[in-house]
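Reproduced below: query-v6.cif, with mmCIF, C-alpha atoms.
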```cif
data_structure
loop_
_atom_site.group_PDB
_atom_site.id
_atom_site.type_symbol
_atom_site.label_atom_id
_atom_site.label_comp_id
_atom_site.auth_asym_id
_atom_site.auth_seq_id
_atom_site.Cartn_x
_atom_site.Cartn_y
_atom_site.Cartn_z
ATOM 1 C CA MET A 1 206.637 307.722 146.999
ATOM 2 C CA ASP A 2 204.940 310.227 149.286
ATOM 3 C CA LEU A 3 201.791 311.861 147.879
ATOM 4 C CA LYS A 4 200.149 312.441 151.263
ATOM 5 C CA GLY A 5 198.227 315.713 151.394
ATOM 6 C CA ARG A 6 198.257 316.220 147.613
ATOM 7 C CA SER A 7 195.105 317.032 145.668
ATOM 8 C CA PHE A 8 194.346 315.190 142.428
ATOM 9 C CA LEU A 9 192.979 317.848 140.079
ATOM 10 C CA THR A 10 194.688 317.256 136.728
ATOM 11 C CA LEU A 11 197.530 315.008 135.608
ATOM 12 C CA LYS A 12 199.433 318.123 134.558
ATOM 13 C CA ASP A 13 200.302 318.385 138.263
ATOM 14 C CA PHE A 14 201.942 314.942 138.408
ATOM 15 C CA THR A 15 205.234 313.608 137.091
ATOM 16 C CA PRO A 16 205.393 310.481 134.931
ATOM 17 C CA LYS A 17 206.852 308.543 137.865
ATOM 18 C CA GLU A 18 204.039 309.674 140.161
ATOM 19 C CA ILE A 19 201.417 308.640 137.596
ATOM 20 C CA GLU A 20 203.058 305.247 137.149
ATOM 21 C CA TYR A 21 203.239 304.844 140.927
ATOM 22 C CA LEU A 22 199.468 305.345 141.199
ATOM 23 C CA VAL A 23 198.879 302.747 138.477
ATOM 24 C CA ASP A 24 201.197 300.314 140.286
ATOM 25 C CA LEU A 25 199.389 300.966 143.572
ATOM 26 C CA ALA A 26 196.026 300.390 141.892
ATOM 27 C CA ALA A 27 197.263 297.042 140.571
ATOM 28 C CA GLU A 28 198.314 296.086 144.116
ATOM 29 C CA TYR A 29 194.921 296.997 145.532
ATOM 30 C CA LYS A 30 193.179 295.127 142.714
ATOM 31 C CA ASP A 31 195.189 292.022 143.528
ATOM 32 C CA LYS A 32 194.287 292.308 147.229
ATOM 33 C CA LYS A 33 190.611 292.776 146.349
ATOM 34 C CA LYS A 34 190.587 289.687 144.127
ATOM 35 C CA LYS A 35 192.320 287.613 146.825
ATOM 36 C CA GLY A 36 190.031 288.855 149.578
ATOM 37 C CA ILE A 37 192.891 290.448 151.524
ATOM 38 C CA PRO A 38 191.554 293.213 153.833
ATOM 39 C CA HIS A 39 193.092 296.664 153.362
ATOM 40 C CA ASP A 40 190.945 298.890 155.563
ATOM 41 C CA THR A 41 193.911 300.902 156.808
ATOM 42 C CA LEU A 42 192.096 304.258 156.928
ATOM 43 C CA ARG A 43 189.408 303.481 159.501
ATOM 44 C CA GLY A 44 188.104 306.575 161.263
ATOM 45 C CA LYS A 45 188.513 308.865 158.267
ATOM 46 C CA ASN A 46 185.626 310.390 156.308
ATOM 47 C CA ILE A 47 185.298 311.922 152.853
ATOM 48 C CA ALA A 48 182.649 314.089 151.163
ATOM 49 C CA LEU A 49 181.491 313.246 147.629
ATOM 50 C CA ILE A 50 180.095 316.298 145.822
ATOM 51 C CA PHE A 51 178.212 315.449 142.619
ATOM 52 C CA GLU A 52 176.893 318.416 140.648
ATOM 53 C CA LYS A 53 176.824 315.979 137.723
ATOM 54 C CA THR A 54 175.428 312.563 138.556
ATOM 55 C CA SER A 55 177.322 309.383 137.693
ATOM 56 C CA THR A 56 177.134 305.620 138.031
ATOM 57 C CA ARG A 57 180.796 304.613 137.753
ATOM 58 C CA THR A 58 182.362 307.553 139.584
ATOM 59 C CA ARG A 59 180.010 307.414 142.563
ATOM 60 C CA CYS A 60 180.177 303.634 142.918
ATOM 61 C CA SER A 61 183.954 303.656 142.496
ATOM 62 C CA PHE A 62 184.482 306.221 145.237
ATOM 63 C CA GLU A 63 182.008 304.614 147.621
ATOM 64 C CA VAL A 64 183.317 301.047 147.217
ATOM 65 C CA ALA A 65 186.941 302.199 147.292
ATOM 66 C CA ALA A 66 186.323 304.187 150.468
ATOM 67 C CA HIS A 67 184.462 301.293 152.118
ATOM 68 C CA ASP A 68 187.303 298.881 151.322
ATOM 69 C CA LEU A 69 189.763 301.326 152.913
ATOM 70 C CA GLY A 70 187.559 301.680 156.012
ATOM 71 C CA ILE A 71 186.519 305.253 155.184
ATOM 72 C CA GLY A 72 183.059 306.758 155.772
ATOM 73 C CA THR A 73 181.382 308.691 152.942
ATOM 74 C CA THR A 74 178.777 311.432 152.635
ATOM 75 C CA TYR A 75 177.183 311.750 149.203
ATOM 76 C CA LEU A 76 176.015 315.242 148.229
ATOM 77 C CA GLU A 77 173.836 315.138 145.116
ATOM 78 C CA PRO A 78 173.115 318.182 142.913
ATOM 79 C CA SER A 79 170.321 319.343 145.252
ATOM 80 C CA GLY A 80 172.069 318.107 148.390
ATOM 81 C CA SER A 81 174.321 321.087 149.100
ATOM 82 C CA GLN A 82 174.345 324.869 148.830
ATOM 83 C CA ILE A 83 177.666 324.961 146.971
ATOM 84 C CA GLY A 84 177.731 327.945 144.641
ATOM 85 C CA LYS A 85 174.056 328.738 145.294
ATOM 86 C CA LYS A 86 173.513 330.010 148.837
ATOM 87 C CA GLU A 87 177.131 329.472 149.858
ATOM 88 C CA SER A 88 180.329 330.312 148.047
ATOM 89 C CA ILE A 89 182.804 327.641 146.980
ATOM 90 C CA ALA A 90 185.348 329.044 149.425
ATOM 91 C CA ASP A 91 182.951 328.925 152.374
ATOM 92 C CA THR A 92 181.767 325.406 151.506
ATOM 93 C CA ALA A 93 185.374 324.251 151.223
ATOM 94 C CA ARG A 94 186.310 325.705 154.613
ATOM 95 C CA VAL A 95 183.321 323.995 156.262
ATOM 96 C CA LEU A 96 183.906 320.594 154.660
ATOM 97 C CA GLY A 97 187.639 320.770 155.280
ATOM 98 C CA ARG A 98 186.955 320.872 159.033
ATOM 99 C CA MET A 99 184.674 317.818 158.913
ATOM 100 C CA TYR A 100 186.297 315.558 156.322
ATOM 101 C CA GLU A 101 189.777 314.291 155.504
ATOM 102 C CA GLY A 102 189.139 314.517 151.744
ATOM 103 C CA ILE A 103 186.659 315.866 149.200
ATOM 104 C CA GLU A 104 185.656 314.539 145.773
ATOM 105 C CA TYR A 105 184.057 316.889 143.245
ATOM 106 C CA ARG A 106 182.314 316.005 139.983
ATOM 107 C CA GLY A 107 180.744 318.857 138.093
ATOM 108 C CA PHE A 108 181.420 321.785 135.843
ATOM 109 C CA GLU A 109 184.280 324.313 135.700
ATOM 110 C CA GLN A 110 187.792 323.281 136.721
ATOM 111 C CA ALA A 111 187.945 326.502 138.749
ATOM 112 C CA ILE A 112 185.458 325.011 141.227
ATOM 113 C CA VAL A 113 187.587 321.987 142.091
ATOM 114 C CA GLU A 114 190.669 324.222 142.202
ATOM 115 C CA ASP A 115 188.946 326.505 144.728
ATOM 116 C CA LEU A 116 187.826 323.540 146.826
ATOM 117 C CA ALA A 117 191.456 322.464 147.060
ATOM 118 C CA LYS A 118 192.676 325.992 147.772
ATOM 119 C CA TYR A 119 190.301 326.716 150.642
ATOM 120 C CA SER A 120 189.588 323.315 152.211
ATOM 121 C CA LYS A 121 193.212 322.504 153.105
ATOM 122 C CA VAL A 122 192.505 318.765 152.599
ATOM 123 C CA PRO A 123 193.088 316.578 149.518
ATOM 124 C CA VAL A 124 190.511 317.206 146.795
ATOM 125 C CA TRP A 125 189.939 314.715 143.974
ATOM 126 C CA ASN A 126 188.588 315.647 140.550
ATOM 127 C CA GLY A 127 185.857 313.150 139.628
ATOM 128 C CA LEU A 128 185.265 315.068 136.359
ATOM 129 C CA THR A 129 185.127 318.690 135.279
ATOM 130 C CA ASN A 130 184.478 320.229 131.876
ATOM 131 C CA GLU A 131 188.220 320.426 131.282
ATOM 132 C CA TYR A 132 189.739 317.291 132.855
ATOM 133 C CA HIS A 133 188.940 313.717 133.941
ATOM 134 C CA PRO A 134 192.134 312.473 135.659
ATOM 135 C CA THR A 135 190.695 309.494 137.571
ATOM 136 C CA GLN A 136 189.433 308.045 134.287
ATOM 137 C CA MET A 137 192.957 308.288 132.884
ATOM 138 C CA LEU A 138 194.386 306.050 135.601
ATOM 139 C CA ALA A 139 191.731 303.428 134.881
ATOM 140 C CA ASP A 140 192.565 303.611 131.186
ATOM 141 C CA LEU A 141 196.292 303.242 131.865
ATOM 142 C CA LEU A 142 195.749 300.229 134.111
ATOM 143 C CA THR A 143 193.493 298.598 131.497
ATOM 144 C CA ILE A 144 195.969 299.202 128.665
ATOM 145 C CA ARG A 145 198.909 297.924 130.708
ATOM 146 C CA GLU A 146 197.005 294.815 131.804
ATOM 147 C CA HIS A 147 196.273 293.995 128.158
ATOM 148 C CA PHE A 148 199.536 294.915 126.431
ATOM 149 C CA GLY A 149 201.975 294.602 129.325
ATOM 150 C CA TYR A 150 203.432 298.094 128.863
ATOM 151 C CA LEU A 151 202.497 301.755 128.287
ATOM 152 C CA LYS A 152 205.447 303.568 126.677
ATOM 153 C CA GLY A 153 205.127 303.463 122.895
ATOM 154 C CA ILE A 154 201.402 302.588 122.850
ATOM 155 C CA LYS A 155 199.552 304.267 119.979
ATOM 156 C CA LEU A 156 196.151 305.657 121.033
ATOM 157 C CA THR A 157 193.623 307.358 118.767
ATOM 158 C CA TYR A 158 190.739 309.337 120.214
ATOM 159 C CA MET A 159 187.763 309.819 117.880
ATOM 160 C CA GLY A 160 184.974 312.357 118.390
ATOM 161 C CA ASP A 161 184.865 315.663 120.256
ATOM 162 C CA ALA A 162 188.438 316.156 121.513
ATOM 163 C CA ARG A 163 187.955 319.666 122.931
ATOM 164 C CA TYR A 164 186.948 318.777 126.475
ATOM 165 C CA ASN A 165 187.819 316.566 129.446
ATOM 166 C CA MET A 166 188.431 313.250 127.691
ATOM 167 C CA GLY A 167 190.405 314.523 124.715
ATOM 168 C CA ASN A 168 192.370 316.904 126.933
ATOM 169 C CA SER A 169 193.216 314.333 129.581
ATOM 170 C CA LEU A 170 194.158 311.561 127.164
ATOM 171 C CA MET A 171 196.474 313.924 125.309
ATOM 172 C CA ILE A 172 198.111 314.988 128.592
ATOM 173 C CA VAL A 173 198.657 311.478 129.943
ATOM 174 C CA CYS A 174 199.930 310.117 126.634
ATOM 175 C CA ALA A 175 202.370 313.011 126.327
ATOM 176 C CA LYS A 176 203.602 312.500 129.886
ATOM 177 C CA LEU A 177 204.132 308.730 129.564
ATOM 178 C CA GLY A 178 205.670 308.435 126.115
ATOM 179 C CA MET A 179 202.527 307.217 124.370
ATOM 180 C CA HIS A 180 201.523 308.344 120.879
ATOM 181 C CA PHE A 181 198.265 310.335 120.891
ATOM 182 C CA THR A 182 196.126 311.085 117.853
ATOM 183 C CA ALA A 183 192.949 313.173 117.862
ATOM 184 C CA CYS A 184 190.977 311.998 114.835
ATOM 185 C CA THR A 185 188.053 314.335 114.289
ATOM 186 C CA ALA A 186 186.769 317.354 112.410
ATOM 187 C CA LYS A 187 189.136 320.324 112.714
ATOM 188 C CA GLU A 188 186.725 322.387 114.808
ATOM 189 C CA TYR A 189 186.762 319.606 117.427
ATOM 190 C CA PHE A 190 190.548 319.540 117.903
ATOM 191 C CA PRO A 191 191.906 320.315 121.408
ATOM 192 C CA GLU A 192 192.831 323.936 122.167
ATOM 193 C CA GLU A 193 196.127 325.056 120.633
ATOM 194 C CA ALA A 194 197.553 326.213 123.980
ATOM 195 C CA LEU A 195 197.063 322.787 125.564
ATOM 196 C CA VAL A 196 198.462 321.057 122.478
ATOM 197 C CA ALA A 197 201.585 323.215 122.755
ATOM 198 C CA GLU A 198 201.905 322.391 126.467
ATOM 199 C CA CYS A 199 201.586 318.678 125.748
ATOM 200 C CA GLN A 200 204.161 318.894 122.989
ATOM 201 C CA GLU A 201 206.627 320.067 125.627
ATOM 202 C CA TYR A 202 205.798 317.012 127.755
ATOM 203 C CA ALA A 203 206.245 314.858 124.641
ATOM 204 C CA LYS A 204 209.779 316.164 124.083
ATOM 205 C CA GLU A 205 210.741 314.768 127.486
ATOM 206 C CA SER A 206 208.980 311.395 127.138
ATOM 207 C CA GLY A 207 209.383 310.532 123.459
ATOM 208 C CA ALA A 208 205.637 310.780 122.840
ATOM 209 C CA SER A 209 203.993 312.270 119.769
ATOM 210 C CA ILE A 210 200.806 314.261 119.219
ATOM 211 C CA THR A 211 198.899 314.151 115.942
ATOM 212 C CA LEU A 212 195.732 316.000 114.972
ATOM 213 C CA THR A 213 194.021 314.729 111.835
ATOM 214 C CA GLU A 214 190.690 314.708 110.034
ATOM 215 C CA ASP A 215 191.688 311.593 108.060
ATOM 216 C CA VAL A 216 190.093 308.478 109.571
ATOM 217 C CA ASP A 217 192.194 306.000 107.581
ATOM 218 C CA ALA A 218 195.492 307.678 108.457
ATOM 219 C CA GLY A 219 194.473 308.436 112.044
ATOM 220 C CA THR A 220 193.511 304.863 112.902
ATOM 221 C CA LYS A 221 196.042 302.891 110.846
ATOM 222 C CA ASP A 222 197.976 300.310 112.909
ATOM 223 C CA VAL A 223 197.170 301.828 116.317
ATOM 224 C CA ASP A 224 196.855 299.901 119.582
ATOM 225 C CA VAL A 225 193.871 301.649 121.160
ATOM 226 C CA ILE A 226 190.777 303.211 119.607
ATOM 227 C CA TYR A 227 188.988 305.427 122.152
ATOM 228 C CA THR A 228 185.764 307.395 121.965
ATOM 229 C CA ASP A 229 183.175 309.080 124.180
ATOM 230 C CA VAL A 230 179.623 310.371 123.822
ATOM 231 C CA TRP A 231 179.284 313.280 121.423
ATOM 232 C CA VAL A 232 176.908 315.284 123.625
ATOM 233 C CA SER A 233 177.865 315.629 127.275
ATOM 234 C CA MET A 234 175.621 315.890 130.318
ATOM 235 C CA GLY A 235 174.191 319.374 130.746
ATOM 236 C CA GLU A 236 174.596 320.452 127.115
ATOM 237 C CA PRO A 237 171.476 321.814 125.340
ATOM 238 C CA ASP A 238 169.442 319.659 122.955
ATOM 239 C CA GLU A 239 170.282 322.009 120.073
ATOM 240 C CA VAL A 240 173.830 320.662 119.838
ATOM 241 C CA TRP A 241 172.691 317.145 118.910
ATOM 242 C CA ALA A 242 172.049 317.928 115.229
ATOM 243 C CA GLU A 243 175.350 319.808 114.895
ATOM 244 C CA ARG A 244 177.419 317.052 116.541
ATOM 245 C CA ILE A 245 175.778 314.209 114.634
ATOM 246 C CA LYS A 246 176.427 315.942 111.328
ATOM 247 C CA ALA A 247 180.044 316.850 112.113
ATOM 248 C CA LEU A 248 181.118 313.709 113.969
ATOM 249 C CA SER A 249 179.330 310.887 112.140
ATOM 250 C CA PRO A 250 182.393 310.277 109.924
ATOM 251 C CA TYR A 251 184.292 309.549 113.166
ATOM 252 C CA LYS A 252 182.048 306.792 114.479
ATOM 253 C CA VAL A 253 184.001 303.737 115.640
ATOM 254 C CA THR A 254 182.997 300.935 113.288
ATOM 255 C CA LYS A 255 184.218 297.462 112.388
ATOM 256 C CA GLN A 256 186.087 299.027 109.462
ATOM 257 C CA VAL A 257 187.901 301.422 111.829
ATOM 258 C CA MET A 258 188.947 298.537 114.088
ATOM 259 C CA GLU A 259 190.104 296.464 111.107
ATOM 260 C CA ASN A 260 192.193 299.418 109.924
ATOM 261 C CA ALA A 261 193.767 299.616 113.386
ATOM 262 C CA GLY A 262 194.642 295.919 113.197
ATOM 263 C CA GLU A 263 193.702 292.629 114.849
ATOM 264 C CA HIS A 264 195.585 293.482 118.036
ATOM 265 C CA ALA A 265 193.758 296.810 118.592
ATOM 266 C CA VAL A 266 191.401 297.260 121.535
ATOM 267 C CA PHE A 267 188.407 299.539 121.995
ATOM 268 C CA LEU A 268 187.930 301.767 125.051
ATOM 269 C CA HIS A 269 185.060 304.042 126.116
ATOM 270 C CA CYS A 270 184.597 305.827 129.454
ATOM 271 C CA LEU A 271 180.829 305.084 129.368
ATOM 272 C CA PRO A 272 177.892 305.443 129.164
ATOM 273 C CA ALA A 273 177.777 304.709 125.427
ATOM 274 C CA PHE A 274 175.114 305.115 122.762
ATOM 275 C CA HIS A 275 175.872 301.803 121.050
ATOM 276 C CA ASP A 276 172.155 300.962 120.793
ATOM 277 C CA LEU A 277 168.771 302.499 121.617
ATOM 278 C CA LYS A 278 168.230 300.762 124.967
ATOM 279 C CA THR A 279 168.294 303.993 126.973
ATOM 280 C CA LYS A 280 165.682 306.726 127.310
ATOM 281 C CA ILE A 281 167.873 309.439 125.790
ATOM 282 C CA GLY A 282 169.230 307.120 123.091
ATOM 283 C CA LYS A 283 165.724 306.098 122.061
ATOM 284 C CA GLU A 284 164.438 309.688 122.018
ATOM 285 C CA GLN A 285 167.363 311.090 120.040
ATOM 286 C CA GLY A 286 167.578 308.049 117.785
ATOM 287 C CA GLU A 287 163.948 308.464 116.749
ATOM 288 C CA LYS A 288 164.438 312.202 116.290
ATOM 289 C CA TYR A 289 167.622 312.036 114.207
ATOM 290 C CA GLY A 290 167.332 308.611 112.620
ATOM 291 C CA PHE A 291 170.218 306.675 114.142
ATOM 292 C CA THR A 292 170.425 303.310 115.889
ATOM 293 C CA GLU A 293 174.042 303.692 117.063
ATOM 294 C CA LEU A 294 176.004 306.853 117.617
ATOM 295 C CA GLU A 295 179.701 307.164 118.542
ATOM 296 C CA VAL A 296 180.338 303.405 118.328
ATOM 297 C CA THR A 297 178.521 300.533 116.665
ATOM 298 C CA ASP A 298 177.051 297.789 118.790
ATOM 299 C CA GLU A 299 179.185 295.320 116.831
ATOM 300 C CA VAL A 300 182.394 296.955 118.084
ATOM 301 C CA PHE A 301 181.102 297.635 121.595
ATOM 302 C CA GLU A 302 180.193 293.971 122.129
ATOM 303 C CA SER A 303 183.259 292.557 120.364
ATOM 304 C CA GLU A 304 186.177 290.652 121.897
ATOM 305 C CA ASN A 305 188.329 293.722 121.240
ATOM 306 C CA SER A 306 186.200 295.819 123.591
ATOM 307 C CA LEU A 307 187.639 296.268 127.088
ATOM 308 C CA VAL A 308 185.043 298.761 128.292
ATOM 309 C CA PHE A 309 183.835 296.762 131.282
ATOM 310 C CA GLU A 310 187.352 295.889 132.459
ATOM 311 C CA GLU A 311 188.042 299.611 132.118
ATOM 312 C CA ALA A 312 184.928 300.475 134.163
ATOM 313 C CA GLU A 313 185.941 298.089 136.953
ATOM 314 C CA ASN A 314 189.397 299.638 137.027
ATOM 315 C CA ARG A 315 187.859 302.997 137.950
ATOM 316 C CA MET A 316 187.355 301.618 141.455
ATOM 317 C CA HIS A 317 190.857 300.206 141.855
ATOM 318 C CA THR A 318 192.581 303.344 140.586
ATOM 319 C CA ILE A 319 190.385 305.696 142.617
ATOM 320 C CA LYS A 320 191.229 303.589 145.675
ATOM 321 C CA ALA A 321 194.909 304.144 144.928
ATOM 322 C CA VAL A 322 194.410 307.919 144.667
ATOM 323 C CA ILE A 323 192.492 308.114 147.960
ATOM 324 C CA ALA A 324 194.983 305.893 149.794
ATOM 325 C CA ALA A 325 198.075 307.661 148.456
ATOM 326 C CA THR A 326 196.835 311.179 149.191
ATOM 327 C CA LEU A 327 195.417 310.349 152.631
ATOM 328 C CA GLY A 328 198.523 308.385 153.592
ATOM 329 C CA ALA A 329 197.284 304.821 153.987
#
```
Give the structure from this file in structure tokens form.
Amino acid sequence: MDLKGRSFLTLKDFTPKEIEYLVDLAAEYKDKKKKGIPHDTLRGKNIALIFEKTSTRTRCSFEVAAHDLGIGTTYLEPSGSQIGKKESIADTARVLGRMYEGIEYRGFEQAIVEDLAKYSKVPVWNGLTNEYHPTQMLADLLTIREHFGYLKGIKLTYMGDARYNMGNSLMIVCAKLGMHFTACTAKEYFPEEALVAECQEYAKESGASITLTEDVDAGTKDVDVIYTDVWVSMGEPDEVWAERIKALSPYKVTKQVMENAGEHAVFLHCLPAFHDLKTKIGKEQGEKYGFTELEVTDEVFESENSLVFEEAENRMHTIKAVIAATLGA
């Protein structure tokens, strides 16, 4: 399958077969990595990594993946470029497109990564925007398939704030691949109606289903995957903490939730997670609002059903597949 020259901005742009191809390719690269088989087939190429939002997993995944493929990287941190400040997105894109074979962007509005792709004329990869997180989806698919052996028919429930990148992207990929997606949260945190309608059209083709529910028992009964994310995202004001904690506390992933899902169910989280108070922000907010765990209990996070660290590792393998496929390794 030829994806050379394509940007990777949202999985809405890719067919089910193309998505499955990228997962297959990631599995191949993972196998080579584990066996110590060199695959540096893109020596001489260089990519720019633009991070308006910092990250551990995304940065490390892109840098290690690029190194394994023989690619050079330039990391541009939030203060490391003039993008959108002294220089327009279009001008930045046209400069970088003449120096690099590909560009990664992690930051805010989807329009920024779309403009980078429009004006740079080289493949652009979405490392996370407010609206979508497509590279995370590939890692999740690889993790689920490794555990269950298949994807079509998997029942996945997302708990928490389903209005933004994680809820949106999980709903899209499940609808595309014939998986059953449930957003289990307070009504005001459901995904946007327009995107739900779009995904329902994908679901008609794949045999998927989309369910939105406020009922925790019904929403998590006999499902394969329980998924959650932090309730307050990077860059959001402190004032939203009280509102989110009050509205989303009934949707915390607990032992009872996992038991309702069944013994076979696994837990996924894109990380970082507030499963304890061993972080600066967790400690500060925990003392302020009186919690010791937030979106998931430590008991679930550290359980045998938790695949969060396998999932984190798979970020690197799947990102490697995206880079290689779009640069034509």
Counting all atoms listed in the file, which residues in region 125-240 of chain A sit no more than 8 Å from region 97-111 of chain A? For each one, give the nearest pair of atoms and the distance in Å, sorted by chain then residue number, as a tab-separated table.
```
residue	atom	partner	partner_atom	distance
A:Trp125	CA	A:Glu104	CA	4.6
A:Asn126	CA	A:Tyr105	CA	5.4
A:Gly127	CA	A:Arg106	CA	4.6
A:Leu128	CA	A:Arg106	CA	4.8
A:Thr129	CA	A:Phe108	CA	4.9
A:Asn130	CA	A:Phe108	CA	5.2
A:Glu131	CA	A:Gln110	CA	6.2
A:Tyr132	CA	A:Gln110	CA	7.4
```
Given the point (198.7, 309.9, 150.4) in the coordinates of this file, which residues lie within 7 Å, counting all atoms listed in the file, and how would they look as a list of chain:residue names?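 Output: A:Asp2, A:Leu3, A:Lys4, A:Gly5, A:Arg6, A:Ile323, A:Ala324, A:Ala325, A:Thr326, A:Leu327, A:Gly328, A:Ala329.
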Write the residues you've just listed into a file as an mmCIF file, in the coordinates of the input, and include C-alpha atoms for each of them.
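Below is the file part.cif, written as the result:
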```cif
data_model
loop_
_atom_site.group_PDB
_atom_site.id
_atom_site.type_symbol
_atom_site.label_atom_id
_atom_site.label_comp_id
_atom_site.auth_asym_id
_atom_site.auth_seq_id
_atom_site.Cartn_x
_atom_site.Cartn_y
_atom_site.Cartn_z
ATOM 1 C CA ASP A 2 204.940 310.227 149.286
ATOM 2 C CA LEU A 3 201.791 311.861 147.879
ATOM 3 C CA LYS A 4 200.149 312.441 151.263
ATOM 4 C CA GLY A 5 198.227 315.713 151.394
ATOM 5 C CA ARG A 6 198.257 316.220 147.613
ATOM 6 C CA ILE A 323 192.492 308.114 147.960
ATOM 7 C CA ALA A 324 194.983 305.893 149.794
ATOM 8 C CA ALA A 325 198.075 307.661 148.456
ATOM 9 C CA THR A 326 196.835 311.179 149.191
ATOM 10 C CA LEU A 327 195.417 310.349 152.631
ATOM 11 C CA GLY A 328 198.523 308.385 153.592
ATOM 12 C CA ALA A 329 197.284 304.821 153.987
#
```
Mind giving me the straight-line distance from CA of Ala261 (chain A) to CA of Tyr158 (chain A) in Å, one decimal? 12.3 Å
When the PyMOL selection byres ((chain A and resi 168) around 9) is applied to the file above, which residues end up in the set, as an MDAnalysis selection string? chainID A and resid 131:133 162:167 169:173 191:192 195:196
Could you tell me which residues the PyMOL selection byres ((chain A and resi 57-62) around 9) grabs in this file, written as a PDB file with C-alpha atoms, keeping the file's coordinate frame?
```pdb
ATOM      1  CA  LEU A  49     181.491 313.246 147.629  1.00  0.00           C
ATOM      2  CA  PHE A  51     178.212 315.449 142.619  1.00  0.00           C
ATOM      3  CA  THR A  54     175.428 312.563 138.556  1.00  0.00           C
ATOM      4  CA  SER A  55     177.322 309.383 137.693  1.00  0.00           C
ATOM      5  CA  THR A  56     177.134 305.620 138.031  1.00  0.00           C
ATOM      6  CA  GLU A  63     182.008 304.614 147.621  1.00  0.00           C
ATOM      7  CA  VAL A  64     183.317 301.047 147.217  1.00  0.00           C
ATOM      8  CA  ALA A  65     186.941 302.199 147.292  1.00  0.00           C
ATOM      9  CA  ALA A  66     186.323 304.187 150.468  1.00  0.00           C
ATOM     10  CA  HIS A  67     184.462 301.293 152.118  1.00  0.00           C
ATOM     11  CA  THR A  73     181.382 308.691 152.942  1.00  0.00           C
ATOM     12  CA  TYR A  75     177.183 311.750 149.203  1.00  0.00           C
ATOM     13  CA  GLU A 104     185.656 314.539 145.773  1.00  0.00           C
ATOM     14  CA  ARG A 106     182.314 316.005 139.983  1.00  0.00           C
ATOM     15  CA  GLY A 127     185.857 313.150 139.628  1.00  0.00           C
ATOM     16  CA  LEU A 128     185.265 315.068 136.359  1.00  0.00           C
ATOM     17  CA  THR A 135     190.695 309.494 137.571  1.00  0.00           C
ATOM     18  CA  GLN A 136     189.433 308.045 134.287  1.00  0.00           C
ATOM     19  CA  LEU A 271     180.829 305.084 129.368  1.00  0.00           C
ATOM     20  CA  ALA A 312     184.928 300.475 134.163  1.00  0.00           C
ATOM     21  CA  GLU A 313     185.941 298.089 136.953  1.00  0.00           C
ATOM     22  CA  ASN A 314     189.397 299.638 137.027  1.00  0.00           C
ATOM     23  CA  ARG A 315     187.859 302.997 137.950  1.00  0.00           C
ATOM     24  CA  MET A 316     187.355 301.618 141.455  1.00  0.00           C
ATOM     25  CA  HIS A 317     190.857 300.206 141.855  1.00  0.00           C
ATOM     26  CA  THR A 318     192.581 303.344 140.586  1.00  0.00           C
ATOM     27  CA  ILE A 319     190.385 305.696 142.617  1.00  0.00           C
ATOM     28  CA  LYS A 320     191.229 303.589 145.675  1.00  0.00           C
ATOM     29  CA  ILE A 323     192.492 308.114 147.960  1.00  0.00           C
TER      30      ILE A 323
END
```
Selection: 12 Å around Gly282 (chain A), only C-alpha atoms, excl. self and same-chain fewer than 2 positions, as a list in words: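 Contacts, with the query itself left out: Val230, Trp231, Val232, Trp241, Pro272, Ala273, Phe274, His275, Asp276, Leu277, Lys278, Thr279, Lys280, Glu284, Gln285, Gly286, Glu287, Lys288, Tyr289, Gly290, Phe291, Thr292, Glu293, Leu294 and Glu295 of chain A.
Note that the spacing between CA of Ser120 (chain A) and CA of Gly80 (chain A) amounts to 18.7 Å.
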What separation in Å, quoted to one decimal, exists between CA of Cys174 (chain A) and CA of Ala208 (chain A)?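 Straight-line distance from CA of Cys174 (chain A) to CA of Ala208 (chain A) works out to 6.9 Å.
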Which centre and edge lengths in Å to one decimal define the box along x, y and z that fits every listed atom of region 70-86 of chain A plus 3 Å per side, as lines of an AutoDock Vina configuration file?
```
center_x = 178.9
center_y = 315.8
center_z = 149.5
size_x = 23.2
size_y = 34.3
size_z = 19.1
```
Selection result for the PyMOL selection byres ((chain A and resi 263) around 10) on this file, as an mmCIF file with C-alpha atoms, in the coordinates of the input:
```cif
data_model
loop_
_atom_site.group_PDB
_atom_site.id
_atom_site.type_symbol
_atom_site.label_atom_id
_atom_site.label_comp_id
_atom_site.auth_asym_id
_atom_site.auth_seq_id
_atom_site.Cartn_x
_atom_site.Cartn_y
_atom_site.Cartn_z
ATOM 1 C CA ASP A 222 197.976 300.310 112.909
ATOM 2 C CA VAL A 223 197.170 301.828 116.317
ATOM 3 C CA ASP A 224 196.855 299.901 119.582
ATOM 4 C CA MET A 258 188.947 298.537 114.088
ATOM 5 C CA GLU A 259 190.104 296.464 111.107
ATOM 6 C CA ASN A 260 192.193 299.418 109.924
ATOM 7 C CA ALA A 261 193.767 299.616 113.386
ATOM 8 C CA GLY A 262 194.642 295.919 113.197
ATOM 9 C CA HIS A 264 195.585 293.482 118.036
ATOM 10 C CA ALA A 265 193.758 296.810 118.592
ATOM 11 C CA VAL A 266 191.401 297.260 121.535
ATOM 12 C CA ASN A 305 188.329 293.722 121.240
#
```
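Within 10 Å of Gly70 (chain A), once only C-alpha atoms are used and residues closer than 5 positions along the same chain are dropped, the contacting residues are Pro38, His39, Asp40, Thr41, Leu42, Arg43, Gly44, Lys45, Asn46, Val64 and Ala65 of chain A.
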Between A:Ser306, A:Ser7, A:Gln200, A:Asp24, single out the one closest to Lys121 (chain A), counting only C-alpha atoms.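 Closest residue, counting only C-alpha atoms: A:Ser7.
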Kindly extract all protein, DNA and RNA residues lying within 8 Å of the coordinates (179.5, 309.9, 114.6) given in the file, considering only C-alpha atoms, and supply them as an MDAnalysis selection string. chainID A and resid 160 231 244:253 294:296
